[in-house]
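This is protein_3.cif. It holds mmCIF, C-alpha atoms.
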data_final
loop_
_atom_site.label_atom_id
_atom_site.label_comp_id
_atom_site.auth_asym_id
_atom_site.auth_seq_id
_atom_site.Cartn_x
_atom_site.Cartn_y
_atom_site.Cartn_z
CA MET A 1 103.99 116.50 112.50
CA GLU A 2 103.27 113.21 114.19
CA THR A 3 102.21 113.56 117.82
CA ARG A 4 102.03 109.91 118.87
CA SER A 5 102.25 109.09 122.54
CA ILE A 6 101.86 105.32 122.03
CA ASN A 7 103.63 102.94 119.67
CA PRO A 8 101.80 101.77 116.54
CA ILE A 9 102.01 98.19 117.87
CA VAL A 10 101.56 97.48 121.60
CA SER A 11 102.09 94.31 123.60
CA THR A 12 99.60 92.46 125.75
CA GLU A 13 101.68 93.53 128.77
CA TRP A 14 101.34 97.18 127.79
CA LEU A 15 97.59 96.90 127.38
CA ALA A 16 97.15 94.95 130.62
CA ASP A 17 98.81 97.78 132.51
CA ARG A 18 96.76 100.54 130.84
CA ARG A 19 93.42 99.15 129.66
CA THR A 20 91.48 101.00 132.38
CA ASP A 21 93.03 104.39 131.57
CA GLU A 22 90.26 106.93 131.15
CA ASP A 23 91.35 108.08 127.69
CA LEU A 24 91.99 104.59 126.28
CA VAL A 25 89.41 102.92 124.04
CA VAL A 26 89.87 99.26 123.13
CA VAL A 27 88.20 98.44 119.79
CA ASP A 28 87.64 94.77 118.94
CA ALA A 29 87.55 94.39 115.15
CA ARG A 30 86.41 90.75 115.11
CA GLY A 31 82.92 89.67 114.13
CA PRO A 32 80.12 89.98 116.69
CA THR A 33 79.86 86.24 117.39
CA ALA A 34 83.54 85.86 118.29
CA TYR A 35 83.43 89.13 120.22
CA GLU A 36 80.41 88.16 122.33
CA GLU A 37 81.91 84.77 123.12
CA GLY A 38 84.87 86.50 124.74
CA HIS A 39 86.72 89.83 124.58
CA ILE A 40 89.00 92.06 126.61
CA PRO A 41 86.93 93.65 129.40
CA GLY A 42 85.50 96.97 128.29
CA ALA A 43 86.35 96.50 124.61
CA VAL A 44 83.77 97.78 122.13
CA ASN A 45 82.95 95.87 118.97
CA ALA A 46 83.54 97.34 115.49
CA PRO A 47 83.78 94.57 112.85
CA LYS A 48 85.01 95.15 109.32
CA TRP A 49 81.74 96.51 107.93
CA THR A 50 81.97 99.33 110.49
CA TRP A 51 84.77 100.83 108.38
CA MET A 52 83.08 100.73 104.96
CA ASP A 53 80.30 102.40 103.00
CA ALA A 54 77.78 99.57 102.76
CA GLU A 55 75.89 101.31 99.95
CA ALA A 56 78.89 101.75 97.64
CA ASP A 57 79.38 99.64 94.53
CA LEU A 58 82.93 98.67 95.54
CA LEU A 59 83.83 96.56 98.54
CA LEU A 60 85.25 98.40 101.54
CA THR A 61 84.78 101.86 100.09
CA LEU A 62 85.57 104.44 102.76
CA PRO A 63 82.56 106.01 104.49
CA SER A 64 81.92 109.73 104.28
CA ALA A 65 83.54 111.97 106.88
CA ALA A 66 80.19 112.53 108.58
CA ASP A 67 79.44 108.81 108.79
CA LEU A 68 82.95 107.93 109.96
CA PHE A 69 83.00 110.59 112.64
CA GLU A 70 79.55 109.52 113.83
CA THR A 71 80.80 105.92 114.05
CA LEU A 72 83.82 106.94 116.11
CA GLY A 73 81.64 108.93 118.47
CA SER A 74 79.27 105.98 118.86
CA LEU A 75 82.25 103.85 119.92
CA GLY A 76 83.15 106.34 122.63
CA ILE A 77 86.10 107.80 120.73
CA ASP A 78 86.83 111.53 120.80
CA SER A 79 89.73 113.46 119.31
CA ASP A 80 91.84 113.03 122.47
CA SER A 81 91.32 109.26 122.73
CA ARG A 82 94.07 106.70 122.52
CA VAL A 83 92.75 103.67 120.65
CA VAL A 84 94.05 100.09 120.65
CA VAL A 85 92.58 97.81 117.97
CA VAL A 86 92.26 94.11 118.78
CA GLY A 87 91.79 91.54 116.03
CA GLY A 88 91.74 87.83 115.38
CA THR A 89 94.69 85.77 114.20
CA GLU A 90 93.07 82.79 112.45
CA ASP A 91 94.20 83.89 108.98
CA THR A 92 95.62 86.82 107.03
CA PHE A 93 92.14 88.26 106.45
CA ALA A 94 91.46 88.46 110.20
CA LEU A 95 94.85 90.04 110.83
CA ALA A 96 94.20 92.56 108.06
CA ASP A 97 90.79 93.48 109.51
CA ALA A 98 92.51 94.91 112.60
CA ALA A 99 95.07 96.79 110.52
CA ASN A 100 92.31 98.11 108.25
CA ALA A 101 90.44 99.47 111.26
CA ALA A 102 93.60 101.04 112.68
CA ASP A 103 94.55 102.68 109.39
CA THR A 104 91.02 104.04 108.96
CA LEU A 105 91.30 105.60 112.43
CA VAL A 106 94.53 107.25 111.32
CA TYR A 107 92.69 108.47 108.21
CA ALA A 108 90.03 109.97 110.50
CA GLY A 109 92.70 112.14 112.10
CA LEU A 110 93.57 110.26 115.29
CA ASP A 111 97.22 110.43 116.34
CA ASP A 112 97.26 107.73 118.99
CA VAL A 113 96.20 104.54 117.26
CA SER A 114 97.77 101.16 117.94
CA ILE A 115 97.22 97.47 117.22
CA LEU A 116 97.47 94.79 119.89
CA ASP A 117 100.30 92.45 118.90
CA GLY A 118 98.98 88.90 118.69
CA GLY A 119 95.38 90.08 119.01
CA TYR A 120 92.76 88.53 121.23
CA THR A 121 94.32 85.09 120.72
CA LYS A 122 97.56 86.01 122.49
CA TRP A 123 95.67 87.87 125.22
CA ALA A 124 93.44 84.89 126.00
CA ASP A 125 96.26 82.33 125.68
CA GLU A 126 98.17 84.21 128.35
CA GLY A 127 95.26 83.81 130.76
CA ARG A 128 94.49 87.51 130.93
CA PRO A 129 90.99 88.67 131.98
CA THR A 130 88.14 88.34 129.49
CA GLU A 131 84.38 88.82 129.50
CA ASP A 132 81.53 87.72 127.26
CA GLY A 133 78.40 89.48 126.08
CA ALA A 134 78.45 93.00 124.67
CA VAL A 135 79.68 96.37 125.89
CA THR A 136 77.56 99.47 125.35
CA PRO A 137 79.92 102.41 124.72
CA THR A 138 79.42 105.80 126.31
CA PRO A 139 78.87 108.04 123.26
CA ALA A 140 81.31 110.84 122.59
CA GLU A 141 81.57 113.61 120.02
CA TYR A 142 84.34 113.08 117.53
CA THR A 143 85.75 115.91 115.43
CA GLY A 144 88.80 115.59 113.25
CA THR A 145 90.37 116.23 109.86
CA LEU A 146 90.55 113.46 107.30
CA ASP A 147 94.01 112.66 105.96
CA GLU A 148 92.85 112.57 102.36
CA GLN A 149 96.43 112.27 101.09
CA MET A 150 96.43 108.65 102.29
CA PHE A 151 94.43 107.55 99.24
CA VAL A 152 94.69 107.86 95.48
CA THR A 153 92.11 107.44 92.74
CA LYS A 154 92.21 105.22 89.66
CA ASP A 155 93.12 108.24 87.52
CA GLU A 156 95.99 109.09 89.85
CA VAL A 157 97.31 105.53 89.65
CA THR A 158 97.14 105.67 85.86
CA SER A 159 99.06 108.94 85.78
CA ARG A 160 101.75 107.55 88.11
CA LEU A 161 102.43 104.27 86.29
CA GLY A 162 106.18 103.89 85.97
CA ASP A 163 106.90 107.01 88.02
CA VAL A 164 106.35 105.82 91.60
CA PRO A 165 106.79 102.42 93.26
CA LEU A 166 103.54 100.45 93.01
CA LEU A 167 103.05 97.52 95.38
CA ASP A 168 100.48 94.74 94.91
CA THR A 169 99.85 93.30 98.37
CA ARG A 170 97.78 90.28 97.35
CA SER A 171 98.97 86.70 97.32
CA PRO A 172 101.61 85.77 94.71
CA GLU A 173 98.96 83.63 92.97
CA ALA A 174 96.60 86.58 92.55
CA TYR A 175 99.43 88.90 91.51
CA PHE A 176 100.79 86.42 88.93
CA GLY A 177 97.31 85.76 87.56
CA ALA A 178 97.36 82.06 88.37
CA MET A 179 94.08 82.58 90.19
CA GLN A 180 91.35 85.20 90.00
CA GLU A 181 89.66 86.66 93.06
CA ASP A 182 85.87 86.42 93.04
CA PHE A 183 85.36 90.18 93.19
CA THR A 184 87.65 90.99 90.25
CA ASP A 185 86.65 90.84 86.59
CA ARG A 186 90.04 89.83 85.18
CA PRO A 187 93.18 88.14 86.55
CA GLY A 188 96.62 89.72 86.74
CA HIS A 189 98.23 92.84 88.17
CA ILE A 190 98.68 96.50 87.27
CA PRO A 191 101.73 96.89 85.00
CA GLY A 192 104.87 97.85 86.90
CA ALA A 193 103.57 96.67 90.26
CA SER A 194 105.85 94.64 92.52
CA CYS A 195 104.50 91.78 94.63
CA LEU A 196 104.59 92.36 98.40
CA PRO A 197 102.06 89.98 100.00
CA ALA A 198 100.31 91.10 103.16
CA ALA A 199 100.85 87.64 104.64
CA TRP A 200 104.54 88.51 105.02
CA ILE A 201 103.74 91.11 107.70
CA TRP A 202 102.96 88.57 110.42
CA THR A 203 104.51 85.53 112.04
CA ASP A 204 102.74 82.17 112.14
CA GLU A 205 101.57 83.07 115.65
CA GLY A 206 99.80 86.21 114.41
CA THR A 207 102.27 88.73 115.81
CA PHE A 208 103.92 91.42 113.74
CA LYS A 209 107.38 90.64 112.46
CA ALA A 210 110.07 92.90 113.89
CA PRO A 211 110.79 96.16 112.03
CA GLU A 212 114.26 94.90 111.16
CA GLU A 213 112.61 92.00 109.29
CA LEU A 214 110.00 94.14 107.52
CA GLU A 215 112.24 97.04 106.59
CA PRO A 216 114.44 95.16 104.07
CA LEU A 217 111.34 93.88 102.25
CA VAL A 218 110.12 97.42 101.74
CA GLU A 219 113.48 99.04 101.03
CA ALA A 220 114.25 96.45 98.32
CA LEU A 221 111.15 97.59 96.39
CA VAL A 222 110.80 101.23 97.40
CA GLY A 223 114.27 102.37 98.48
CA ASP A 224 115.32 103.94 101.74
CA ASP A 225 114.19 107.51 100.99
CA ARG A 226 111.45 107.96 103.58
CA THR A 227 109.97 110.94 101.72
CA LYS A 228 109.42 109.04 98.48
CA GLU A 229 105.82 108.39 97.40
CA VAL A 230 104.70 104.77 97.24
CA VAL A 231 101.28 103.50 96.14
CA LEU A 232 99.79 100.24 97.38
CA TYR A 233 96.78 98.23 96.28
CA CYS A 234 95.24 94.80 96.78
CA GLY A 235 91.97 93.15 95.85
CA ALA A 236 89.63 95.39 97.82
CA SER A 237 91.85 97.35 100.30
CA PRO A 238 92.51 95.70 103.73
CA PHE A 239 95.81 94.10 102.66
CA SER A 240 97.15 97.33 101.17
CA LYS A 241 96.05 99.32 104.21
CA SER A 242 97.85 96.77 106.40
CA TRP A 243 101.11 97.39 104.55
CA ARG A 244 100.50 101.15 104.52
CA TYR A 245 100.15 101.05 108.31
CA VAL A 246 103.44 99.14 108.58
CA ILE A 247 105.29 101.30 106.05
CA GLN A 248 104.18 104.64 107.41
CA GLU A 249 103.37 104.10 111.08
CA MET A 250 106.06 101.51 111.89
CA LEU A 251 108.86 102.18 109.40
CA GLY A 252 108.58 105.94 109.15
CA TYR A 253 107.86 106.49 105.47
CA GLU A 254 106.01 109.76 104.98
CA ASN A 255 104.06 109.31 101.77
CA ALA A 256 102.59 105.81 101.58
CA ARG A 257 99.24 105.93 99.78
CA VAL A 258 96.53 103.38 99.03
CA TYR A 259 94.53 102.88 95.86
CA ASN A 260 91.31 102.09 97.68
CA GLY A 261 89.37 101.09 94.57
CA ALA A 262 91.99 98.37 94.22
CA ALA A 263 92.01 95.52 91.71
CA GLN A 264 88.23 95.32 91.97
CA GLU A 265 87.77 98.73 90.35
CA TRP A 266 90.77 98.47 88.02
CA THR A 267 89.67 95.16 86.48
CA GLN A 268 86.15 96.45 85.83
CA ASP A 269 87.59 98.77 83.19
CA PRO A 270 88.27 96.67 80.05
CA ASP A 271 90.76 99.29 78.86
CA ALA A 272 92.82 99.32 82.07
CA PRO A 273 96.03 97.37 81.37
CA LEU A 274 96.89 94.18 83.23
CA ASN A 275 99.96 91.97 83.23
CA ARG A 276 99.63 88.22 83.73
CA TYR A 277 102.08 85.34 84.10
CA CYS A 278 104.99 87.66 84.82
CA TRP A 279 106.61 89.31 87.86
CA GLU A 280 106.67 92.87 86.62
#
Just give me the structure as structure tokens.
Amino acid sequence: METRSINPIVSTEWLADRRTDEDLVVVDARGPTAYEEGHIPGAVNAPKWTWMDAEADLLLTLPSAADLFETLGSLGIDSDSRVVVVGGTEDTFALADAANAADTLVYAGLDDVSILDGGYTKWADEGRPTEDGAVTPTPAEYTGTLDEQMFVTKDEVTSRLGDVPLLDTRSPEAYFGAMQEDFTDRPGHIPGASCLPAAWIWTDEGTFKAPEELEPLVEALVGDDRTKEVVLYCGASPFSKSWRYVIQEMLGYENARVYNGAAQEWTQDPDAPLNRYCWE
């Protein structure tokens, strides 16, 4: 059962009123240069490589439980913390970095995880307090239980082809095969996948679209049965984890899962089927 006490997306007003709460940890997911040039007072820095296994062959492979829990503790996060993730808004990749961090925190077993709507850009544009330099967190001890059901393997995707909704969250160009991402071996998409680009999650200003705008996009491809399994993938994983966060944390679906190996792993297998120049 979900035990959230904060919404999955919070406003700058909400954070301004609560950022000094003792149990609240603000995690800035931008790169260290942008972070040190200005961040929300007290925010700790955890850029995208914080949430990956740097020694793995695939990009953005999830770290081990021990490494992830150690990282959370080093950021001052314990199992009772409420965490707000702050990101950049300069492009879809920056927006997805914040969602990737938030979804990984959910995977680590935290109930109270949120994303700051509009990120640091909106906060600063509103003239709210900022500071430069770095913040040294007070270490904590994090213990939790990984939500391993959030992710599926390549074999599980293969066995589910045609049986569960499969969503490709890359750009239409990558899905259609009109372009090939640098980290994939072949262009195209997994047969049966529908195109649901991550860029459609956000407005031009970098805020999340309202649930009533996002819900029809998902229901048209998945249906309105909130218990139905849905599998998402992208090129490496941040886009699919962004949609998973929206689908499960915002829209209330109960079984949204990510193929974390993504197109990078799938296209490395010459026998794994791909469709190109079609929308199915």
Counting all atoms listed in the file, the option among A:Ile115, A:Leu161, A:Leu68, A:Val84 closest to Leu146 of chain A
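Between A:Ile115, A:Leu161, A:Leu68, A:Val84, the residue approaching Leu146 of chain A most closely is A:Leu68.
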Given all atoms listed in the file as the counted atoms, nearest of A:Thr104, A:Thr145, A:Thr12, A:Ser64 to Gly127 of chain A:
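Comparing A:Thr104, A:Thr145, A:Thr12, A:Ser64 against Gly127 of chain A, the winner is A:Thr12.
Between atom CA of Pro270 of chain A and atom CA of Pro165 of chain A the interatomic distance comes to 23.5 Å.
Minimum atom-to-atom distance to Ile201 of chain A, evaluated using only C-alpha atoms, belongs to A:Ala99 out of A:Ala134, A:Ala262, A:Ala99, A:Val86.
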Please identify all polymer residues within 12 Å of Thr158 of chain A, counting all atoms listed in the file, omitting same-chain residues fewer than 4 positions from it, and present them as an NGL selection string.
:A and (152-154 or 162-164 or 166 or 190-193 or 231 or 259 or 266 or 271-274)
Selection: 8 Å around Thr143 of chain A, all atoms listed in the file, excl. self and same-chain fewer than 3 positions, as JSON, numbers by chain
{"A": [69, 78, 79]}
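Listed by chain and then by number, the residues chosen by the PyMOL selection byres ((chain A and resi 7) around 9) in this file are Arg4, Ser5, Ile6, Pro8, Ile9, Val10, Asp112, Val113, Ser114, Ile115, Glu249 and Met250 of chain A.
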For C-alpha atoms, I'd like the residues from the last selection saved as a PDB file, keeping the file's coordinate frame.
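Dumped everything to selection_13.pdb:
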ATOM      1  CA  ARG A   4     102.030 109.910 118.870  1.00  0.00           C
ATOM      2  CA  SER A   5     102.250 109.090 122.540  1.00  0.00           C
ATOM      3  CA  ILE A   6     101.860 105.320 122.030  1.00  0.00           C
ATOM      4  CA  PRO A   8     101.800 101.770 116.540  1.00  0.00           C
ATOM      5  CA  ILE A   9     102.010  98.190 117.870  1.00  0.00           C
ATOM      6  CA  VAL A  10     101.560  97.480 121.600  1.00  0.00           C
ATOM      7  CA  ASP A 112      97.260 107.730 118.990  1.00  0.00           C
ATOM      8  CA  VAL A 113      96.200 104.540 117.260  1.00  0.00           C
ATOM      9  CA  SER A 114      97.770 101.160 117.940  1.00  0.00           C
ATOM     10  CA  ILE A 115      97.220  97.470 117.220  1.00  0.00           C
ATOM     11  CA  GLU A 249     103.370 104.100 111.080  1.00  0.00           C
ATOM     12  CA  MET A 250     106.060 101.510 111.890  1.00  0.00           C
TER      13      MET A 250
END
Evaluate the PyMOL selection byres ((chain A and resi 180) around 12) on the structure here and hand back the selected residues as an MDAnalysis selection string.
chainID A and resid 170:179 181:189 235 263:264 267 276
Given only C-alpha atoms as the basis, pick out the residue of A:Glu36, A:Asp97, A:Glu205, A:Asp147 nearest to Ser237 of chain A.
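Nearest candidate to Ser237 of chain A out of A:Glu36, A:Asp97, A:Glu205, A:Asp147: A:Asp97.
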Distance query Thr203 of chain A at most 12 Å, only C-alpha atoms, self and fewer than 3 positions along chain excluded, as a short mmCIF file (atom, residue, chain, number, x, y, z; two decimals) with C-alpha atoms, in the coordinates of the input:
data_model
loop_
_atom_site.label_atom_id
_atom_site.label_comp_id
_atom_site.auth_asym_id
_atom_site.auth_seq_id
_atom_site.Cartn_x
_atom_site.Cartn_y
_atom_site.Cartn_z
CA THR A 89 94.69 85.77 114.20
CA GLU A 90 93.07 82.79 112.45
CA ASP A 91 94.20 83.89 108.98
CA THR A 92 95.62 86.82 107.03
CA LEU A 95 94.85 90.04 110.83
CA ASP A 117 100.30 92.45 118.90
CA GLY A 118 98.98 88.90 118.69
CA ALA A 198 100.31 91.10 103.16
CA ALA A 199 100.85 87.64 104.64
CA TRP A 200 104.54 88.51 105.02
CA GLY A 206 99.80 86.21 114.41
CA THR A 207 102.27 88.73 115.81
CA PHE A 208 103.92 91.42 113.74
CA LYS A 209 107.38 90.64 112.46
CA ALA A 210 110.07 92.90 113.89
CA GLU A 213 112.61 92.00 109.29
CA LEU A 214 110.00 94.14 107.52
#
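Coordinates place atom CA of Arg226 of chain A at a distance of 22.2 Å from atom CA of Trp202 of chain A.
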